[in-house]
Structures are given as C-alpha cells and as structure tokens.
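Some notes on the structure that comes next.
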Amino acid sequence: MFTIGNTQFEDKAVFLAPLEDITDRPFRLICKELGADMVYTEFISSEGLIRDAEKSKRKLLFEEAERPIGIQIFGHQKESMVRAAIEAESVQPDLIDINWGCPVRKVVSKGAGSGILQDVPRMLDITRAVVNAVKVPVTVKTRLGWDENSLIIDQIAEALQDCGIAALTIHGRTRSQLYGGNADWSLIRKVKENTRIQIPIIGNGDITDCTKAEQAFKDYGVDAIMVGRAAIGYPWIFQEIKHYLKTAQIPAPPSSEERYQTLIRHFKAEVLMRGDIFASLEMRKFFTPYYKGLPNFKPFKMRLMQATSFQEAENILQEIRQHYQ
Ligand SMILES: Cc1cc2nc3c(=O)[nH]c(=O)nc-3n(C[C@H](O)[C@H](O)[C@H](O)COP(=O)(O)O)c2cc1C
C-alpha cells in the first residue's frame, strides 16, 4: 500500500494517463468503472484558467465517482501556475499534477511542458511555488530529460521531492523522442532505487498489455503504472492488468456485445456533455480503437466516420453488433 496525500492505493496500482482530447469526463468514468485506480483530467492551460477561458474551466469539472482524480495544469509562468493551481484547488480534486512532460512544440517553445527540462532552476522554483500555494497534494509528471545527452531524471527527482511534491510520474522517454522509439525504464528504476526517494514513483511509457505491466512492477519496482495510449478505445486494459497481476491468467477480451454496450454508454455521455453534433465528431477517434482486432472492419469505419448524429452512428453500430455476433 502507498499513499499520495491522504489517498491510499493498493500495491501495483494502475492509473489512467492524462491524454488531451481523450480523457474527458465520460471516458474517465468508463476507465474508472473498468478498474483504473486513479484518473487525471486532460492538461489544462494555466493561462486559460486564469483568463477564465470557457474551454479551460470546463475541463475542471468531474464527478464524485471518478475519485481519486488529479487535475493537470501546464504553463511556464510562476504567477499563472500558482493562480491556476488555486483555481483548480477550488473544485477539490484529490491532487494537482504539474505537466513538465508535454513535448508539443507550441508548449515547449514557451518553456512549458518538457521545455522546462532545459531550465531546471525554473522548474524547481515554479514547482515549489505551486506546492506552497495550495493544501491539496501536488505531483509532477515529466520525462527522462531533454535528449539523450541530458538524462537528468535521477538528479531532478530528489530536487522535486525537496520542493514538496507528493508523487512523481516518469515517462521513460526524452523530449527529443516525442512518442517514438521505446520507453527506457532503466532510469525509472534508478530513481526508485535511490534510497533518498520517499515519494511514490509512477512509471509510464509503453504499457500495452498484462505482461508489460507485470514487468514494470517486477523489474522496475515502481509503486504504480500509468497507461495512456493502450487505454484509448480499450478501457478494459485496467481490469485485465489487475486480473493478471492477481491470477497470472490473461482474461478473454471483451465480446463484441460488450464493446458495443460500452461504446454506446461512452457516446451517450458525450452527447449529454457536448450535444449531438460535437459528440458525434468527438467519437470518431474512438470507433476504430473500440473495435480493434475485428476482421474486415474498414467498410463500417468509413461509414461511421461520416455520421453526424448519435442516431445515424447508432444504426451503423447496431449493424456492426449483428455482423460480429
Ligand atoms: C493523444 C495524447 C494526448 C496526451 N495528452 C497528455 C496530457 O494532456 N498530459 C500529459 O501529461 N501527457 C499527455 N500525453 C502523454 C501520456 O500521458 C503518456 O505520458 C504517454 O502517452 C506515454 O504513455 P503510453 O505509452 O502509455 O501512451 C498524451 C499522449 C497522447 C498520445
């Protein structure tokens, strides 16, 4: 068992990663129901939050059933980050996570996300200021370093802990790798093996199945793992990993009926949140992932991608349901 702030987690916890445009309220709830031990909002711009931007504010909303939940913020200015953290604290999340890992050019070029890995004193200064500004636990999510010549995670982990963070998530890639190559977990293990590190370490990167999850705990010793891309359209990964870790048995994949039921639930919740048209557009990125592995799915996919309402898409989903029965 380990704790982040006042929240207790069982050993070998499995977290849903923050994913922009994916981990909205409906999707987080589904992952939660299917076993995720912790969920995070998409990253939220600190500048947007303090400017009262509608889009950023909306991302603060969550349901009690999602707890424990972390609100993730990003930015590059101390004052904005502090004010954004105070704003995020007002909706009482279980923690606030600082994004020091995003590799996207427009974020990095301002010195936010993984851009801060080129200016560690500023990273520590902002982190400390955010920790001191709020009562809720503050955590950090970052990468191994800027590039292969600056693998600094083992040095900054201790310094971040000294800033008062309650847990550290490490994505085993550098900023230069973006999402390519393989995640290198050996440096994550090095941080975990540092006897001065007391805070929980959450390992992230390329957990795509049960055996990789088991390896992350067994070979790298992390307190929790965080799953990102593999959960998109496959929220069952959480319960599968947890089942496997307990029994060493890989459970049967969800039937096409289960996929249909879950997708419809997800879709309906998106309609409630965004309205019919925007929900139909939003769901386009999920259709194929939900049906991954089904043979000859392409013709259905082409049609689903044209649907502009729930009803239109549902008719096609019903056909799919019957076709793959
Ligand atoms: C579409 C997409 C959106 C992402 N958005 C965020 C984000 O908002 N905040 C964040 O910290 N990381 C974000 N990430 C990074 C993931 O949280 C995670 O660190 C990365 O995908 C590696 O984990 P994985 O191999 O399990 O996907 C995003 C990744 C993807 C693919």
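Just so we're on the same page: first chain in the structure tokens is A, next is B, and so on; residues restart at 1 for each chain, and ligands are numbered from 1 in the order they show up.
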
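Considering only C-alpha atoms and all ligand atoms, the residues that reside within 6 Å of ligand 1 can be listed as A:Ala17, A:Pro18, A:Leu19, A:Glu20, A:Glu42, A:Phe43, A:Asn99, A:Gly101, A:Cys102, A:His171, A:Asn204, A:Gly205, A:Asp206, A:Ile207, A:Val227, A:Gly228, A:Arg229, A:Ala230.
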
I need the chosen residues saved as a PDB file, in the first residue's frame, with N, CA, C and O atoms.
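Generated output (again-v3.pdb):
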ATOM      1  N   ALA A  17      -3.526   7.592 -17.725  1.00  0.00           N
ATOM      2  CA  ALA A  17      -2.698   8.784 -18.007  1.00  0.00           C
ATOM      3  C   ALA A  17      -3.569   9.959 -18.426  1.00  0.00           C
ATOM      4  O   ALA A  17      -4.643   9.763 -18.996  1.00  0.00           O
ATOM      5  N   PRO A  18      -3.097  11.181 -18.164  1.00  0.00           N
ATOM      6  CA  PRO A  18      -3.792  12.332 -18.753  1.00  0.00           C
ATOM      7  C   PRO A  18      -3.552  12.327 -20.265  1.00  0.00           C
ATOM      8  O   PRO A  18      -2.407  12.185 -20.704  1.00  0.00           O
ATOM      9  N   LEU A  19      -4.611  12.469 -21.044  1.00  0.00           N
ATOM     10  CA  LEU A  19      -4.488  12.447 -22.509  1.00  0.00           C
ATOM     11  C   LEU A  19      -5.369  13.554 -23.076  1.00  0.00           C
ATOM     12  O   LEU A  19      -6.607  13.507 -22.936  1.00  0.00           O
ATOM     13  N   GLU A  20      -4.738  14.519 -23.707  1.00  0.00           N
ATOM     14  CA  GLU A  20      -5.502  15.636 -24.258  1.00  0.00           C
ATOM     15  C   GLU A  20      -6.506  15.133 -25.297  1.00  0.00           C
ATOM     16  O   GLU A  20      -6.178  14.278 -26.126  1.00  0.00           O
ATOM     17  N   GLU A  42      -7.437  16.004 -18.757  1.00  0.00           N
ATOM     18  CA  GLU A  42      -6.513  16.408 -19.814  1.00  0.00           C
ATOM     19  C   GLU A  42      -5.696  17.574 -19.251  1.00  0.00           C
ATOM     20  O   GLU A  42      -6.123  18.218 -18.290  1.00  0.00           O
ATOM     21  N   PHE A  43      -4.552  17.889 -19.841  1.00  0.00           N
ATOM     22  CA  PHE A  43      -3.816  19.035 -19.318  1.00  0.00           C
ATOM     23  C   PHE A  43      -4.614  20.319 -19.564  1.00  0.00           C
ATOM     24  O   PHE A  43      -5.331  20.451 -20.546  1.00  0.00           O
ATOM     25  N   ASN A  99       2.276  19.395 -15.332  1.00  0.00           N
ATOM     26  CA  ASN A  99       2.788  18.783 -16.552  1.00  0.00           C
ATOM     27  C   ASN A  99       4.137  19.401 -16.905  1.00  0.00           C
ATOM     28  O   ASN A  99       4.200  20.517 -17.400  1.00  0.00           O
ATOM     29  N   GLY A 101       6.073  17.503 -18.926  1.00  0.00           N
ATOM     30  CA  GLY A 101       6.474  16.441 -19.865  1.00  0.00           C
ATOM     31  C   GLY A 101       6.008  16.611 -21.288  1.00  0.00           C
ATOM     32  O   GLY A 101       6.508  15.936 -22.192  1.00  0.00           O
ATOM     33  N   CYS A 102       5.046  17.510 -21.505  1.00  0.00           N
ATOM     34  CA  CYS A 102       4.475  17.613 -22.852  1.00  0.00           C
ATOM     35  C   CYS A 102       5.553  18.021 -23.875  1.00  0.00           C
ATOM     36  O   CYS A 102       6.274  19.000 -23.670  1.00  0.00           O
ATOM     37  N   HIS A 171       7.687   9.432 -17.445  1.00  0.00           N
ATOM     38  CA  HIS A 171       7.520   8.815 -18.763  1.00  0.00           C
ATOM     39  C   HIS A 171       8.933   8.512 -19.266  1.00  0.00           C
ATOM     40  O   HIS A 171       9.737   9.430 -19.399  1.00  0.00           O
ATOM     41  N   ASN A 204       5.687   5.214 -16.450  1.00  0.00           N
ATOM     42  CA  ASN A 204       4.811   5.409 -17.605  1.00  0.00           C
ATOM     43  C   ASN A 204       5.614   5.225 -18.897  1.00  0.00           C
ATOM     44  O   ASN A 204       6.768   5.622 -18.978  1.00  0.00           O
ATOM     45  N   GLY A 205       4.919   4.643 -19.870  1.00  0.00           N
ATOM     46  CA  GLY A 205       5.510   4.517 -21.196  1.00  0.00           C
ATOM     47  C   GLY A 205       5.457   3.099 -21.717  1.00  0.00           C
ATOM     48  O   GLY A 205       6.094   2.201 -21.180  1.00  0.00           O
ATOM     49  N   ASP A 206       4.604   2.915 -22.744  1.00  0.00           N
ATOM     50  CA  ASP A 206       4.546   1.650 -23.484  1.00  0.00           C
ATOM     51  C   ASP A 206       3.969   0.474 -22.702  1.00  0.00           C
ATOM     52  O   ASP A 206       4.278  -0.673 -23.020  1.00  0.00           O
ATOM     53  N   ILE A 207       3.158   0.745 -21.702  1.00  0.00           N
ATOM     54  CA  ILE A 207       2.449  -0.380 -21.068  1.00  0.00           C
ATOM     55  C   ILE A 207       1.254  -0.675 -21.976  1.00  0.00           C
ATOM     56  O   ILE A 207       0.284   0.085 -22.012  1.00  0.00           O
ATOM     57  N   VAL A 227      -1.173   4.089 -17.654  1.00  0.00           N
ATOM     58  CA  VAL A 227      -1.424   3.606 -19.018  1.00  0.00           C
ATOM     59  C   VAL A 227      -2.058   4.725 -19.833  1.00  0.00           C
ATOM     60  O   VAL A 227      -3.054   5.317 -19.414  1.00  0.00           O
ATOM     61  N   GLY A 228      -1.499   5.011 -20.990  1.00  0.00           N
ATOM     62  CA  GLY A 228      -2.036   6.063 -21.852  1.00  0.00           C
ATOM     63  C   GLY A 228      -2.672   5.502 -23.107  1.00  0.00           C
ATOM     64  O   GLY A 228      -3.836   5.083 -23.106  1.00  0.00           O
ATOM     65  N   ARG A 229      -1.870   5.443 -24.175  1.00  0.00           N
ATOM     66  CA  ARG A 229      -2.432   5.101 -25.483  1.00  0.00           C
ATOM     67  C   ARG A 229      -3.160   3.769 -25.521  1.00  0.00           C
ATOM     68  O   ARG A 229      -4.159   3.630 -26.229  1.00  0.00           O
ATOM     69  N   ALA A 230      -2.685   2.807 -24.758  1.00  0.00           N
ATOM     70  CA  ALA A 230      -3.306   1.483 -24.819  1.00  0.00           C
ATOM     71  C   ALA A 230      -4.732   1.486 -24.262  1.00  0.00           C
ATOM     72  O   ALA A 230      -5.507   0.553 -24.504  1.00  0.00           O
TER      73      ALA A 230
END

Which residues, written as an MDAnalysis selection string, have at least one atom at most 12 Å from Arg274 of chain A, with only C-alpha atoms counted and residues fewer than 5 positions away on the same chain left out? chainID A and resid 24:26 55 58 267:269 279:283 309:310

For Ala166 of chain A, work out the shell of residues within 9 Å, counting only C-alpha atoms and skipping chain neighbours fewer than 2 positions away, then give it as a PyMOL selection string. chain A and resi 3-5+95+137-140+161+164+168+199-200

Near Glu214 of chain A, counting only C-alpha atoms, which residues have an atom at most 10 Å away, once you skip same-chain residues fewer than 4 positions from it, shown as an mmCIF file with C-alpha atoms, in the first residue's frame?
data_model
loop_
_atom_site.group_PDB
_atom_site.id
_atom_site.type_symbol
_atom_site.label_atom_id
_atom_site.label_comp_id
_atom_site.auth_asym_id
_atom_site.auth_seq_id
_atom_site.Cartn_x
_atom_site.Cartn_y
_atom_site.Cartn_z
ATOM 1 C CA LYS A 12 0.530 -2.339 -8.035
ATOM 2 C CA ILE A 207 2.449 -0.380 -21.068
ATOM 3 C CA ASP A 209 -0.583 -5.398 -22.096
ATOM 4 C CA CYS A 210 -0.612 -7.527 -18.964
ATOM 5 C CA LYS A 218 8.722 -6.798 -11.070
ATOM 6 C CA ASP A 219 11.765 -5.469 -12.915
ATOM 7 C CA TYR A 220 11.492 -1.760 -12.272
ATOM 8 C CA ILE A 225 1.993 2.289 -13.517
ATOM 9 C CA ILE A 241 -3.928 -5.982 -15.938
ATOM 10 C CA LYS A 242 -5.291 -6.203 -12.419
ATOM 11 C CA TYR A 244 -3.442 -10.826 -14.488
ATOM 12 C CA LEU A 245 -1.383 -9.461 -11.622
ATOM 13 C CA ALA A 248 -1.385 -14.822 -13.800
#

Would you pick out the contacts of Val136 of chain A at 9 Å or less, using only C-alpha atoms, so that residues sharing its chain but fewer than 2 positions from it are not included, and give the list as a short mmCIF file (atom, residue, chain, number, x, y, z; two decimals) with C-alpha atoms, in the first residue's frame?
data_model
loop_
_atom_site.label_atom_id
_atom_site.label_comp_id
_atom_site.auth_asym_id
_atom_site.auth_seq_id
_atom_site.Cartn_x
_atom_site.Cartn_y
_atom_site.Cartn_z
CA GLY A 5 -1.55 12.91 0.17
CA GLU A 89 -7.96 23.54 -5.80
CA GLN A 92 -11.38 19.92 -4.60
CA PRO A 93 -9.53 17.36 -6.68
CA ASP A 94 -7.52 14.70 -4.88
CA LEU A 95 -4.35 16.18 -6.30
CA ILE A 96 -2.97 18.71 -8.74
CA VAL A 131 3.21 23.29 -3.72
CA VAL A 134 -2.25 25.00 -2.17
CA VAL A 138 0.87 18.44 -5.83
#

List the spatial neighbours of segment 118-126 of chain A as JSON, numbers by chain - criterion: any atom at most 10 Å away, only C-alpha atoms, same-chain residues fewer than 2 positions off excluded. {"A": [75, 76, 77, 78, 79, 80, 81, 82, 98, 100, 108, 111, 112, 113, 114, 115, 116, 128, 129, 130, 131, 132, 145, 146, 147, 150, 152, 156, 159, 160, 161, 162, 163]}

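Between atom CA of Ala183 of chain A and atom CA of Ser46 of chain A there is a distance of 28.1 Å.
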
Using the chain letters and numbers from this document, which residues of segment 16-197 of chain A does DSSP assign to helix (DSSP H, G or I), as a PyMOL selection string? chain A and resi 25-33+46-50+54-58+64-66+78-89+105-108+113-118+120-133+153-162+186-193

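Residue nearest Val222 of chain A within the list A:Thr262, A:Ser186, A:Thr247, A:Gln318: A:Ser186 [criterion: smallest interatomic distance, only C-alpha atoms].
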
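Nearest-residue note for Thr41 of chain A: choosing from A:Gln249, A:Thr127, A:Gln215, A:Thr23, the minimum distance belongs to A:Thr23, counting only C-alpha atoms.
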
Might you pull out every residue within 6 Å of Leu34 of chain A, with only C-alpha atoms counted and same-chain residues fewer than 2 positions away left off, and present them as a PyMOL selection string? chain A and resi 31-32+236+239

Any chance you could export the current selection's all heavy atoms as a JSON list (two decimals), in the first residue's frame?
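Result went into part_1.json, see below:
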[["chain", "number", "residue", "atom", "x", "y", "z"],
["A", 31, "CYS", "N", -13.17, 4.29, -17.66],
["A", 31, "CYS", "CA", -11.91, 3.68, -17.22],
["A", 31, "CYS", "C", -11.96, 3.36, -15.73],
["A", 31, "CYS", "O", -11.48, 2.33, -15.27],
["A", 31, "CYS", "CB", -10.73, 4.60, -17.53],
["A", 31, "CYS", "SG", -10.40, 4.73, -19.29],
["A", 32, "LYS", "N", -12.55, 4.27, -14.99],
["A", 32, "LYS", "CA", -12.69, 4.08, -13.55],
["A", 32, "LYS", "C", -13.52, 2.82, -13.26],
["A", 32, "LYS", "O", -13.13, 1.96, -12.47],
["A", 32, "LYS", "CB", -13.38, 5.32, -12.98],
["A", 32, "LYS", "CG", -13.59, 5.30, -11.53],
["A", 32, "LYS", "CD", -12.36, 5.76, -10.83],
["A", 32, "LYS", "CE", -12.36, 5.26, -9.41],
["A", 32, "LYS", "NZ", -11.17, 5.65, -8.71],
["A", 236, "TRP", "N", -10.78, -1.70, -21.08],
["A", 236, "TRP", "CA", -10.72, -2.99, -20.37],
["A", 236, "TRP", "C", -9.30, -3.30, -19.91],
["A", 236, "TRP", "O", -9.08, -4.17, -19.10],
["A", 236, "TRP", "CB", -11.24, -4.12, -21.28],
["A", 236, "TRP", "CG", -12.67, -3.95, -21.59],
["A", 236, "TRP", "CD1", -13.72, -4.38, -20.83],
["A", 236, "TRP", "CD2", -13.25, -3.28, -22.73],
["A", 236, "TRP", "NE1", -14.91, -4.02, -21.42],
["A", 236, "TRP", "CE2", -14.65, -3.36, -22.58],
["A", 236, "TRP", "CE3", -12.73, -2.64, -23.84],
["A", 236, "TRP", "CZ2", -15.54, -2.81, -23.51],
["A", 236, "TRP", "CZ3", -13.60, -2.09, -24.77],
["A", 236, "TRP", "CH2", -14.98, -2.18, -24.60],
["A", 239, "GLN", "N", -8.82, -3.57, -15.99],
["A", 239, "GLN", "CA", -9.25, -4.78, -15.27],
["A", 239, "GLN", "C", -8.43, -6.00, -15.72],
["A", 239, "GLN", "O", -8.17, -6.90, -14.94],
["A", 239, "GLN", "CB", -10.75, -5.02, -15.38],
["A", 239, "GLN", "CG", -11.27, -5.30, -16.76],
["A", 239, "GLN", "CD", -12.81, -5.46, -16.75],
["A", 239, "GLN", "OE1", -13.50, -4.89, -15.92],
["A", 239, "GLN", "NE2", -13.33, -6.23, -17.69]]

Between atom CA of Phe15 of chain A and atom CA of Met38 of chain A, what is the distance in Å, rounded to a tenth? 4.7 Å

Run DSSP on the backbone and grab whatever in segment 17-176 of chain A lands in strand (DSSP E); send it over as a compact mmCIF listing (two decimals) with N, CA and C atoms, in the first residue's frame.
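Resulting contents of out.txt:
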# COMPACT_ATOMS: atom_id res chain seq x y z
N VAL A 39 -7.44 8.62 -12.01
CA VAL A 39 -7.61 9.23 -13.34
C VAL A 39 -7.18 10.69 -13.26
N TYR A 40 -6.85 11.24 -14.41
CA TYR A 40 -6.42 12.65 -14.49
C TYR A 40 -7.22 13.35 -15.58
N ILE A 44 -4.53 21.21 -18.60
CA ILE A 44 -5.31 22.45 -18.67
C ILE A 44 -4.34 23.62 -18.63
N SER A 45 -4.52 24.53 -19.56
CA SER A 45 -3.62 25.69 -19.64
C SER A 45 -3.80 26.59 -18.43
N ILE A 69 -9.07 11.66 -8.31
CA ILE A 69 -8.80 12.31 -9.59
C ILE A 69 -7.77 13.43 -9.42
N GLY A 70 -6.91 13.54 -10.42
CA GLY A 70 -5.94 14.63 -10.43
C GLY A 70 -6.28 15.62 -11.53
N ILE A 71 -6.14 16.90 -11.23
CA ILE A 71 -6.29 17.92 -12.26
C ILE A 71 -4.89 18.30 -12.72
N GLN A 72 -4.66 18.21 -14.02
CA GLN A 72 -3.32 18.52 -14.50
C GLN A 72 -3.27 19.91 -15.13
N ILE A 73 -2.27 20.68 -14.72
CA ILE A 73 -2.12 22.02 -15.29
C ILE A 73 -0.76 22.13 -15.99
N PHE A 74 -0.71 23.02 -16.98
CA PHE A 74 0.59 23.31 -17.60
C PHE A 74 0.74 24.80 -17.82
N LEU A 95 -5.69 15.60 -6.16
CA LEU A 95 -4.35 16.18 -6.30
C LEU A 95 -4.30 17.08 -7.53
N ILE A 96 -3.25 17.89 -7.56
CA ILE A 96 -2.97 18.71 -8.74
C ILE A 96 -1.65 18.21 -9.31
N ASP A 97 -1.67 17.92 -10.58
CA ASP A 97 -0.45 17.42 -11.23
C ASP A 97 0.11 18.49 -12.15
N ILE A 98 1.42 18.71 -12.06
CA ILE A 98 2.05 19.68 -12.96
C ILE A 98 2.63 18.93 -14.15
N ASN A 99 2.28 19.40 -15.33
CA ASN A 99 2.79 18.78 -16.55
C ASN A 99 4.14 19.40 -16.91
N TRP A 100 5.20 18.64 -16.63
CA TRP A 100 6.55 19.03 -17.08
C TRP A 100 7.02 18.00 -18.12
N VAL A 138 0.43 18.10 -4.47
CA VAL A 138 0.87 18.44 -5.83
C VAL A 138 1.83 17.34 -6.30
N THR A 139 1.62 16.87 -7.51
CA THR A 139 2.51 15.86 -8.09
C THR A 139 3.08 16.41 -9.39
N VAL A 140 4.08 15.72 -9.92
CA VAL A 140 4.70 16.15 -11.18
C VAL A 140 4.74 14.97 -12.13
N LYS A 141 4.52 15.27 -13.41
CA LYS A 141 4.71 14.25 -14.46
C LYS A 141 5.74 14.80 -15.44
N THR A 142 6.80 14.03 -15.65
CA THR A 142 7.85 14.53 -16.54
C THR A 142 8.50 13.39 -17.30
N ARG A 143 9.56 13.74 -18.03
CA ARG A 143 10.28 12.76 -18.85
C ARG A 143 11.70 12.57 -18.33
N LEU A 144 12.48 11.73 -19.00
CA LEU A 144 13.84 11.40 -18.53
C LEU A 144 14.79 12.58 -18.61
N GLY A 145 14.52 13.46 -19.56
CA GLY A 145 15.41 14.60 -19.79
C GLY A 145 15.07 15.19 -21.14
N LEU A 168 5.78 11.33 -8.09
CA LEU A 168 6.41 11.71 -9.36
C LEU A 168 6.10 10.65 -10.40
N THR A 169 5.56 11.11 -11.53
CA THR A 169 5.34 10.20 -12.66
C THR A 169 6.45 10.42 -13.67
N ILE A 170 7.08 9.33 -14.09
CA ILE A 170 8.16 9.44 -15.08
C ILE A 170 7.77 8.69 -16.34
N HIS A 171 7.69 9.43 -17.45
CA HIS A 171 7.52 8.81 -18.76
C HIS A 171 8.93 8.51 -19.27
N GLY A 172 9.19 7.25 -19.56
CA GLY A 172 10.55 6.83 -19.87
C GLY A 172 11.06 7.22 -21.25
N ARG A 173 10.80 8.43 -21.64
CA ARG A 173 11.33 8.96 -22.90
C ARG A 173 11.90 10.35 -22.65
N THR A 174 12.75 10.78 -23.59
CA THR A 174 13.22 12.16 -23.55
C THR A 174 12.26 13.01 -24.38

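Straight-line separation from atom CA of Tyr290 of chain A to atom CA of Asp276 of chain A: 19.6 Å.
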